[in-house]
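Here's input_13.pdb, which has PDB, C-alpha atoms and all ligand atoms:
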```
MODEL        1
ATOM      1  CA  MET B   1     -20.617   6.987   6.247
ATOM      2  CA  ILE B   2     -17.415   8.952   5.769
ATOM      3  CA  ALA B   3     -16.589  10.556   2.430
ATOM      4  CA  LEU B   4     -13.576  12.394   1.068
ATOM      5  CA  ALA B   5     -13.572  15.481  -1.116
ATOM      6  CA  GLY B   6     -10.941  17.905  -2.343
ATOM      7  CA  LYS B   7      -8.842  19.160  -5.204
ATOM      8  CA  GLY B   8      -6.725  16.703  -7.224
ATOM      9  CA  GLY B   9      -3.656  15.270  -5.555
ATOM     10  CA  THR B  10      -4.330  16.732  -2.110
ATOM     11  CA  GLY B  11      -4.204  13.364  -0.374
ATOM     12  CA  LYS B  12      -7.820  12.138  -0.390
ATOM     13  CA  THR B  13      -6.898   8.549  -1.158
ATOM     14  CA  SER B  14      -4.077   8.509   1.405
ATOM     15  CA  ILE B  15      -6.361   9.937   4.087
ATOM     16  CA  ALA B  16      -9.126   7.501   3.119
ATOM     17  CA  ALA B  17      -6.726   4.572   3.561
ATOM     18  CA  LEU B  18      -5.508   5.833   6.938
ATOM     19  CA  THR B  19      -9.083   6.517   8.069
ATOM     20  CA  ILE B  20      -9.953   2.917   7.239
ATOM     21  CA  ARG B  21      -6.970   1.741   9.266
ATOM     22  CA  TYR B  22      -8.107   3.931  12.179
ATOM     23  CA  LEU B  23     -11.600   2.438  12.087
ATOM     24  CA  LEU B  24     -10.233  -1.105  12.001
ATOM     25  CA  GLU B  25      -7.880  -0.468  14.914
ATOM     26  CA  LYS B  26     -10.123   1.648  17.110
ATOM     27  CA  ARG B  27     -13.669   0.608  16.285
ATOM     28  CA  THR B  28     -15.463  -2.633  15.622
ATOM     29  CA  GLY B  29     -15.459  -3.249  11.879
ATOM     30  CA  PRO B  30     -15.922  -4.423   9.205
ATOM     31  CA  VAL B  31     -15.427  -1.436   6.925
ATOM     32  CA  LEU B  32     -16.792  -1.110   3.428
ATOM     33  CA  ALA B  33     -14.307   0.876   1.344
ATOM     34  CA  VAL B  34     -15.718   2.382  -1.840
ATOM     35  CA  ASP B  35     -13.408   3.603  -4.554
ATOM     36  CA  ALA B  36     -15.666   5.979  -6.450
ATOM     37  CA  ASP B  37     -12.799   7.401  -8.484
ATOM     38  CA  SER B  38     -12.784   6.194 -12.084
ATOM     39  CA  ASN B  39      -9.000   6.274 -11.931
ATOM     40  CA  ALA B  40      -9.010   3.759  -9.093
ATOM     41  CA  CYS B  41      -6.109   3.628  -6.673
ATOM     42  CA  LEU B  42      -7.587   3.218  -3.205
ATOM     43  CA  ASN B  43      -6.814  -0.474  -3.542
ATOM     44  CA  GLU B  44      -3.107   0.315  -3.910
ATOM     45  CA  ALA B  45      -3.168   2.539  -0.848
ATOM     46  CA  LEU B  46      -4.815  -0.361   1.000
ATOM     47  CA  GLY B  47      -2.610  -3.052  -0.518
ATOM     48  CA  ILE B  48      -5.516  -4.971  -2.042
ATOM     49  CA  THR B  49      -5.550  -6.496  -5.525
ATOM     50  CA  VAL B  50      -8.610  -5.708  -7.599
ATOM     51  CA  HIS B  51      -9.992  -8.470  -9.803
ATOM     52  CA  THR B  52     -13.046  -6.692 -11.114
ATOM     53  CA  THR B  53     -14.822  -3.368 -11.072
ATOM     54  CA  VAL B  54     -18.461  -2.311 -11.248
ATOM     55  CA  GLY B  55     -17.709  -0.514 -14.530
ATOM     56  CA  ARG B  56     -16.376  -3.681 -16.120
ATOM     57  CA  LEU B  57     -19.246  -5.809 -14.847
ATOM     58  CA  ARG B  58     -21.674  -3.384 -16.366
ATOM     59  CA  GLU B  59     -19.995  -3.626 -19.740
ATOM     60  CA  GLU B  60     -20.021  -7.414 -19.534
ATOM     61  CA  SER B  61     -23.697  -7.480 -18.618
ATOM     62  CA  LEU B  62     -24.541  -5.169 -21.508
ATOM     63  CA  ASP B  63     -22.519  -7.319 -23.896
ATOM     64  CA  ALA B  64     -24.359 -10.398 -22.653
ATOM     65  CA  VAL B  65     -27.706  -8.754 -23.325
ATOM     66  CA  ARG B  66     -26.630  -7.555 -26.768
ATOM     67  CA  SER B  67     -25.429 -10.995 -27.755
ATOM     68  CA  GLY B  68     -28.685 -12.534 -26.521
ATOM     69  CA  ALA B  69     -26.876 -14.944 -24.192
ATOM     70  CA  ASN B  70     -28.988 -16.961 -21.779
ATOM     71  CA  ARG B  71     -29.056 -15.673 -18.269
ATOM     72  CA  PRO B  72     -28.556 -18.235 -15.499
ATOM     73  CA  GLY B  73     -31.727 -19.412 -13.781
ATOM     74  CA  GLY B  74     -33.902 -17.027 -15.757
ATOM     75  CA  MET B  75     -32.627 -14.056 -13.747
ATOM     76  CA  SER B  76     -33.653 -10.631 -14.906
ATOM     77  CA  MET B  77     -30.897  -8.352 -16.110
ATOM     78  CA  GLU B  78     -31.235  -6.398 -12.867
ATOM     79  CA  GLN B  79     -31.016  -9.521 -10.706
ATOM     80  CA  LEU B  80     -27.995 -10.766 -12.588
ATOM     81  CA  PHE B  81     -26.264  -7.459 -12.174
ATOM     82  CA  ASP B  82     -27.150  -7.293  -8.455
ATOM     83  CA  TYR B  83     -25.621 -10.705  -8.026
ATOM     84  CA  GLN B  84     -22.496  -9.756  -9.926
ATOM     85  CA  VAL B  85     -21.978  -6.598  -7.896
ATOM     86  CA  GLN B  86     -22.224  -8.603  -4.676
ATOM     87  CA  GLN B  87     -19.596 -10.887  -6.173
ATOM     88  CA  SER B  88     -17.358  -7.978  -7.063
ATOM     89  CA  VAL B  89     -16.908  -6.888  -3.460
ATOM     90  CA  ILE B  90     -13.325  -7.743  -2.649
ATOM     91  CA  GLU B  91     -12.839  -9.074   0.846
ATOM     92  CA  ALA B  92      -9.513  -8.576   2.612
ATOM     93  CA  LYS B  93      -8.260  -7.939   6.148
ATOM     94  CA  GLY B  94     -11.604  -6.796   7.609
ATOM     95  CA  ILE B  95     -12.095  -4.453   4.666
ATOM     96  CA  ASP B  96     -14.553  -5.062   1.865
ATOM     97  CA  LEU B  97     -13.695  -3.044  -1.207
ATOM     98  CA  LEU B  98     -16.061  -1.978  -3.966
ATOM     99  CA  VAL B  99     -14.387  -0.378  -6.980
ATOM    100  CA  MET B 100     -16.281   1.683  -9.508
ATOM    101  CA  GLY B 101     -13.616   1.552 -12.193
ATOM    102  CA  ARG B 102     -13.770   3.018 -15.616
ATOM    103  CA  PRO B 103     -16.406   1.935 -18.110
ATOM    104  CA  GLU B 104     -14.572   0.219 -20.943
ATOM    105  CA  GLY B 105     -15.072   1.670 -24.395
ATOM    106  CA  PRO B 106     -17.216   4.690 -25.041
ATOM    107  CA  GLY B 107     -19.400   4.070 -21.974
ATOM    108  CA  CYS B 108     -20.734   6.970 -19.957
ATOM    109  CA  TYR B 109     -19.303   7.613 -16.535
ATOM    110  CA  CYS B 110     -22.708   8.625 -15.236
ATOM    111  CA  ALA B 111     -23.996   5.087 -15.544
ATOM    112  CA  ALA B 112     -21.165   3.580 -13.513
ATOM    113  CA  ASN B 113     -21.540   6.439 -11.047
ATOM    114  CA  ASN B 114     -25.243   5.862 -10.581
ATOM    115  CA  ILE B 115     -24.655   2.190 -10.107
ATOM    116  CA  ILE B 116     -21.918   2.647  -7.544
ATOM    117  CA  ARG B 117     -24.146   5.060  -5.632
ATOM    118  CA  LYS B 118     -27.039   2.671  -5.621
ATOM    119  CA  TYR B 119     -24.893  -0.226  -4.419
ATOM    120  CA  THR B 120     -23.060   1.853  -1.863
ATOM    121  CA  ASP B 121     -26.408   2.738  -0.355
ATOM    122  CA  LYS B 122     -27.587  -0.839  -0.509
ATOM    123  CA  LEU B 123     -24.410  -2.326   0.962
ATOM    124  CA  ALA B 124     -24.037   0.468   3.525
ATOM    125  CA  GLU B 125     -27.004  -0.925   5.450
ATOM    126  CA  THR B 126     -24.994  -3.993   6.346
ATOM    127  CA  TYR B 127     -21.719  -2.326   7.386
ATOM    128  CA  PRO B 128     -21.071  -0.259  10.525
ATOM    129  CA  TYR B 129     -18.621   1.915   8.583
ATOM    130  CA  VAL B 130     -18.376   2.969   4.967
ATOM    131  CA  VAL B 131     -15.510   5.093   3.648
ATOM    132  CA  ILE B 132     -15.922   6.566   0.158
ATOM    133  CA  ASP B 133     -12.871   7.846  -1.685
ATOM    134  CA  ASN B 134     -14.041  10.248  -4.334
ATOM    135  CA  GLU B 135     -12.518  11.606  -7.477
ATOM    136  CA  ALA B 136     -11.111  15.129  -7.394
ATOM    137  CA  GLY B 137     -13.355  18.113  -7.898
ATOM    138  CA  MET B 138     -16.937  18.842  -7.105
ATOM    139  CA  GLU B 139     -18.992  16.927  -9.625
ATOM    140  CA  HIS B 140     -19.454  13.899  -7.443
ATOM    141  CA  LEU B 141     -21.022  16.083  -4.789
ATOM    142  CA  SER B 142     -23.736  17.396  -7.068
ATOM    143  CA  ARG B 143     -24.402  13.890  -8.351
ATOM    144  CA  ARG B 144     -24.508  12.268  -4.957
ATOM    145  CA  THR B 145     -27.962  13.200  -3.846
ATOM    146  CA  THR B 146     -29.390  10.027  -2.413
ATOM    147  CA  HIS B 147     -27.366   9.091   0.573
ATOM    148  CA  THR B 148     -26.503  10.787   3.748
ATOM    149  CA  VAL B 149     -22.864  11.224   4.512
ATOM    150  CA  ASP B 150     -22.245  11.513   8.239
ATOM    151  CA  LEU B 151     -18.787  12.984   7.924
ATOM    152  CA  LEU B 152     -17.216  14.727   4.948
ATOM    153  CA  LEU B 153     -13.455  15.169   5.123
ATOM    154  CA  ILE B 154     -12.447  17.999   2.802
ATOM    155  CA  VAL B 155      -8.739  17.640   2.090
ATOM    156  CA  SER B 156      -6.561  20.568   1.067
ATOM    157  CA  ASP B 157      -2.911  20.815   0.152
ATOM    158  CA  PRO B 158      -0.827  23.327   2.117
ATOM    159  CA  THR B 159      -1.572  26.275  -0.183
ATOM    160  CA  VAL B 160      -3.974  29.202  -0.053
ATOM    161  CA  LYS B 161      -5.384  28.057  -3.380
ATOM    162  CA  GLY B 162      -6.066  24.652  -1.880
ATOM    163  CA  VAL B 163      -7.911  26.202   1.040
ATOM    164  CA  GLN B 164      -9.919  28.350  -1.398
ATOM    165  CA  THR B 165     -11.005  25.225  -3.255
ATOM    166  CA  ALA B 166     -11.999  23.702   0.068
ATOM    167  CA  LYS B 167     -14.089  26.792   0.729
ATOM    168  CA  ARG B 168     -15.884  26.369  -2.614
ATOM    169  CA  ILE B 169     -16.561  22.726  -1.862
ATOM    170  CA  ASN B 170     -17.913  23.707   1.530
ATOM    171  CA  GLU B 171     -20.211  26.288  -0.056
ATOM    172  CA  LEU B 172     -21.440  23.871  -2.695
ATOM    173  CA  VAL B 173     -22.258  21.291  -0.045
ATOM    174  CA  ASN B 174     -24.242  23.922   1.865
ATOM    175  CA  GLU B 175     -26.086  25.044  -1.258
ATOM    176  CA  LEU B 176     -26.963  21.550  -2.354
ATOM    177  CA  GLN B 177     -28.269  20.687   1.113
ATOM    178  CA  LEU B 178     -26.821  17.214   0.874
ATOM    179  CA  GLY B 179     -27.731  16.388   4.442
ATOM    180  CA  ILE B 180     -24.117  15.892   5.467
ATOM    181  CA  GLY B 181     -23.852  15.485   9.231
ATOM    182  CA  ASN B 182     -20.478  17.074   9.778
ATOM    183  CA  LYS B 183     -17.823  18.400   7.436
ATOM    184  CA  VAL B 184     -14.323  19.419   8.351
ATOM    185  CA  LEU B 185     -11.217  20.596   6.589
ATOM    186  CA  ILE B 186      -7.988  18.658   6.815
ATOM    187  CA  ILE B 187      -4.931  20.543   5.626
ATOM    188  CA  ASN B 188      -2.513  17.901   4.453
ATOM    189  CA  ARG B 189       1.269  17.971   3.938
ATOM    190  CA  THR B 190       1.928  20.975   6.150
ATOM    191  CA  SER B 191       5.395  21.779   7.398
ATOM    192  CA  GLY B 192       6.666  24.235   9.981
ATOM    193  CA  PRO B 193       4.642  27.395  10.506
ATOM    194  CA  ASP B 194       2.711  27.057   7.199
ATOM    195  CA  GLY B 195       0.048  24.988   8.890
ATOM    196  CA  ALA B 196      -0.858  27.610  11.478
ATOM    197  CA  LYS B 197      -1.037  30.334   8.813
ATOM    198  CA  LEU B 198      -3.248  28.263   6.527
ATOM    199  CA  LYS B 199      -5.448  27.343   9.446
ATOM    200  CA  LYS B 200      -5.976  31.040  10.053
ATOM    201  CA  VAL B 201      -6.898  31.559   6.374
ATOM    202  CA  ALA B 202      -9.394  28.691   6.606
ATOM    203  CA  GLU B 203     -10.883  30.069   9.811
ATOM    204  CA  ASP B 204     -11.348  33.448   8.138
ATOM    205  CA  TYR B 205     -13.248  31.646   5.387
ATOM    206  CA  GLY B 206     -15.536  30.220   8.042
ATOM    207  CA  LEU B 207     -14.418  26.638   7.499
ATOM    208  CA  SER B 208     -14.623  24.150  10.311
ATOM    209  CA  ILE B 209     -11.120  22.772  10.797
ATOM    210  CA  GLY B 210     -10.492  19.151  11.620
ATOM    211  CA  GLY B 211      -6.753  19.624  11.851
ATOM    212  CA  LEU B 212      -3.417  19.457  10.131
ATOM    213  CA  VAL B 213      -1.623  16.413   8.779
ATOM    214  CA  PRO B 214       2.087  17.105   8.307
ATOM    215  CA  GLN B 215       4.234  16.203   5.341
ATOM    216  CA  ASP B 216       5.468  12.725   6.150
ATOM    217  CA  SER B 217       8.634  11.414   4.501
ATOM    218  CA  THR B 218       7.598   7.838   5.287
ATOM    219  CA  ILE B 219       4.617   8.242   2.932
ATOM    220  CA  PHE B 220       7.014   9.377   0.245
ATOM    221  CA  GLU B 221       9.278   6.364   0.840
ATOM    222  CA  TYR B 222       6.367   3.932   0.865
ATOM    223  CA  ASP B 223       5.141   5.448  -2.371
ATOM    224  CA  LEU B 224       8.549   5.015  -4.006
ATOM    225  CA  ASP B 225       8.871   1.436  -2.791
ATOM    226  CA  GLY B 226       5.338   0.569  -3.914
ATOM    227  CA  LYS B 227       4.293  -0.226  -0.354
ATOM    228  CA  PRO B 228       0.679   0.470   0.705
ATOM    229  CA  ILE B 229       0.112   3.565   2.844
ATOM    230  CA  PHE B 230      -2.256   1.437   4.907
ATOM    231  CA  ALA B 231       0.806  -0.316   6.313
ATOM    232  CA  LEU B 232       2.630   2.823   7.540
ATOM    233  CA  PRO B 233       4.556   2.239  10.767
ATOM    234  CA  GLN B 234       2.767   3.053  14.011
ATOM    235  CA  ASN B 235       5.093   6.025  14.618
ATOM    236  CA  SER B 236       4.218   7.765  11.326
ATOM    237  CA  THR B 237       3.480  11.432  11.966
ATOM    238  CA  ALA B 238       0.756  11.552   9.320
ATOM    239  CA  LEU B 239      -0.958   8.501  10.810
ATOM    240  CA  ASN B 240      -0.798   9.875  14.347
ATOM    241  CA  SER B 241      -1.992  13.350  13.373
ATOM    242  CA  LEU B 242      -4.928  11.903  11.471
ATOM    243  CA  SER B 243      -5.778   9.604  14.392
ATOM    244  CA  ALA B 244      -5.856  12.613  16.723
ATOM    245  CA  ILE B 245      -8.169  14.439  14.297
ATOM    246  CA  LEU B 246     -10.503  11.443  14.047
ATOM    247  CA  ASP B 247     -10.440  11.046  17.858
ATOM    248  CA  SER B 248     -11.550  14.662  18.207
ATOM    249  CA  LEU B 249     -14.421  14.078  15.775
ATOM    250  CA  ARG B 250     -15.816  11.428  18.105
ATOM    251  CA  ILE B 251     -16.932   8.962  15.494
ATOM    252  CA  PRO B 252     -19.347   6.640  17.296
TER     253      PRO B 252
HETATM  254  N1  LIG B 301       1.006  13.737   4.491
HETATM  255  C1  LIG B 301       1.692  13.380   3.387
HETATM  256  N2  LIG B 301       3.046  13.408   3.383
HETATM  257  C2  LIG B 301       3.739  13.073   2.273
HETATM  258  N3  LIG B 301       3.194  12.684   1.130
HETATM  259  C3  LIG B 301       1.844  12.626   1.062
HETATM  260  C4  LIG B 301       1.017  12.965   2.178
HETATM  261  N4  LIG B 301      -0.268  12.802   1.819
HETATM  262  C5  LIG B 301      -0.262  12.385   0.527
HETATM  263  N5  LIG B 301       0.993  12.283   0.068
HETATM  264  C6  LIG B 301       1.412  11.883  -1.304
HETATM  265  O1  LIG B 301       0.768  12.775  -2.200
HETATM  266  C7  LIG B 301       0.400  12.128  -3.402
HETATM  267  C8  LIG B 301      -1.093  12.343  -3.677
HETATM  268  O2  LIG B 301      -1.838  11.694  -2.663
HETATM  269  P1  LIG B 301      -3.229  10.975  -2.969
HETATM  270  O3  LIG B 301      -3.127  10.055  -4.119
HETATM  271  O4  LIG B 301      -3.713  10.443  -1.678
HETATM  272  O5  LIG B 301      -4.092  12.256  -3.406
HETATM  273  P2  LIG B 301      -5.551  12.296  -4.016
HETATM  274  O6  LIG B 301      -6.172  13.556  -3.531
HETATM  275  O7  LIG B 301      -6.269  11.028  -3.740
HETATM  276  O8  LIG B 301      -5.221  12.397  -5.571
HETATM  277  P3  LIG B 301      -6.289  12.265  -6.795
HETATM  278  O9  LIG B 301      -7.029  13.572  -6.852
HETATM  279  O10 LIG B 301      -5.414  12.039  -7.990
HETATM  280  O11 LIG B 301      -7.180  11.110  -6.472
HETATM  281  C9  LIG B 301       0.781  10.677  -3.233
HETATM  282  O12 LIG B 301       1.980  10.453  -3.896
HETATM  283  C10 LIG B 301       0.940  10.517  -1.730
HETATM  284  O13 LIG B 301       1.902   9.529  -1.449
HETATM  285 MG    MG B 302      -7.292   9.729  -5.046
ENDMDL
END
```
Rendering of file as structure tokens:
Amino acid sequence: MIALAGKGGTGKTSIAALTIRYLLEKRTGPVLAVDADSNACLNEALGITVHTTVGRLREESLDAVRSGANRPGGMSMEQLFDYQVQQSVIEAKGIDLLVMGRPEGPGCYCAANNIIRKYTDKLAETYPYVVIDNEAGMEHLSRRTTHTVDLLLIVSDPTVKGVQTAKRINELVNELQLGIGNKVLIINRTSGPDGAKLKKVAEDYGLSIGGLVPQDSTIFEYDLDGKPIFALPQNSTALNSLSAILDSLRIP
């Protein structure tokens, strides 16, 4: 189970998508991709169309209960919902995608969050690899108490402030004793000598460094053209740097 964390806009979703590609190319899949960000966009990075989200299903189930509609085959509310979540897993190209989505209306995010956590854990048992793209910030870490993440990729932008946020995330993870197997920092979008300097800053903070992913103009072009990052050309510097980092982490 690989999860992403980091400040907003640092590249979590991009790195999640490229990590999924790495696993599909270099390991034996399938991969369960979980978009646990309420402002879903992992699907775009992967080039997959989303037809439903866990948040929406929950609203629909609640509406059904409120309106007193008959449930098929006398299923309990829980059973019906279980079934619907299984149905909401989007299957494409060796990747199964589960999207949390945003609860419609005045719904509480916590509910959709709890549900996605429960189903991630449940579904995780049947997949060799699970990659969870999280929302920015640290809240999801304190909420996520049930499952064990084997590898946490903390993504920072190429700024000292970014590395400081990574340090806080690292400390929070230690404090919360989340049972995370390994956690490393990835400094994304570096250019020239900045990377080496920031790496030094991170080392001084006692962070374990996975490596640097350089600024990649192809990502920028793909973004502009609305092409999925998942489909970056094989010679992309970001893709190759991330692959080298993941190689060094020796993911079984
Ligand atoms: N190595 C890179 N080189 C160039 N552009 C990049 C690189 N990594 C990410 N980007 C660009 O940076 C922007 C933010 O990336 P991304 O959406 O992956 O960040 P995020 O951390 O998931 O953001 P959020 O916190 O909003 O979920 C995107 O436009 C993406 O194309
Ligand atoms: Mg994101």
Around ligand LIG 301 (chain B), fit a box with edges along x, y and z, padding it by 5 Å on each side, then list its centre and edge lengths in Å to one decimal as AutoDock Vina command-line options.
```
--center_x -1.7 --center_y 11.6 --center_z -1.7 --size_x 20.9 --size_y 14.2 --size_z 22.5
```
Exercise. Determine the residue set returned by the PyMOL selection byres (((not hetatm)) within 12 of (chain B and resi 302)) for the present structure, and present it as a ChimeraX atom specification.
Key: /B:3-17,34-45,132-137,155
Quiz item: Do you know which residues the PyMOL selection byres (((chain B and resi 250) around 12) and not hetatm) returns on this file, as a PyMOL selection string?
Solution: chain B and resi 23+26-27+150-151+182+210+243-249+251-252
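In this comparison, which uses all atoms listed in the file, the residue of B:Ile154, B:Val163, B:Ile2, B:Leu18 approaching B:Ser236 most closely is B:Leu18.
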Quiz item: Residues at most 8 Å from stretch 53-60 of chain B, counting only C-alpha atoms, excluding those fewer than 2 positions away in the same chain, as a ChimeraX atom specification?
Solution: /B:50-51,62-64,81,84-85,88,98-104,112,115-116
Quiz item: So which residues fall inside 10 Å of (0.5, 24.6, 4.6) if we count only C-alpha atoms? Mind giving them as a count of residues only?
Solution: 24
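In this model, the gap between atom CA of B:Leu242 and atom CA of B:Tyr22 comes to 8.6 Å.
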Within 6 Å of B:Val184, counting all atoms listed in the file, which residues qualify if same-chain residues fewer than 4 places away don't, as a compact mmCIF listing (two decimals) with C-alpha atoms, keeping the file's coordinate frame?
```txt
# COMPACT_ATOMS: atom_id res chain seq x y z
CA LEU B 153 -13.46 15.17 5.12
CA SER B 208 -14.62 24.15 10.31
CA ILE B 209 -11.12 22.77 10.80
CA GLY B 210 -10.49 19.15 11.62
```
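Each of B:Gly94, B:Gly74, B:Pro228, B:Gly179 was compared to ligand LIG 301 (chain B) using all atoms listed in the file, and B:Pro228 turns out to be the nearest.
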Quiz prompt | Point-to-point distance in Å for atom O5 of ligand LIG 301 (chain B) and atom CA of B:Leu224 | solution = 14.6 Å
Quiz prompt | For B:Leu32: contacts at 12 Å, only C-alpha atoms, fewer than 5 positions along chain excluded, given as a PyMOL selection string | solution = chain B and resi 1-3+16-17+19-21+23-24+89-99+119-133
Quiz item: Of the candidates B:Leu185, B:Leu172, B:Met138, B:Ala238, which one gets nearest to B:Leu152 if we count only C-alpha atoms?
Solution: B:Leu185
Practice problem: Have a look at atom CA of B:Ile219 and atom CA of B:Lys161 and let me know their distance in Å, one decimal. | Solution: 23.1 Å
Self-check item: From B:Val201, B:Leu176, B:Ile169, B:Ile186, residue lying nearest ligand LIG 301 (chain B) [all atoms listed in the file]
Solution: B:Ile186
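Ranking B:Pro30, B:Gly226, B:Gly68, B:Gly181 by their shortest atom-to-atom distance to ligand LIG 301 (chain B), with all atoms listed in the file included, puts B:Gly226 first.
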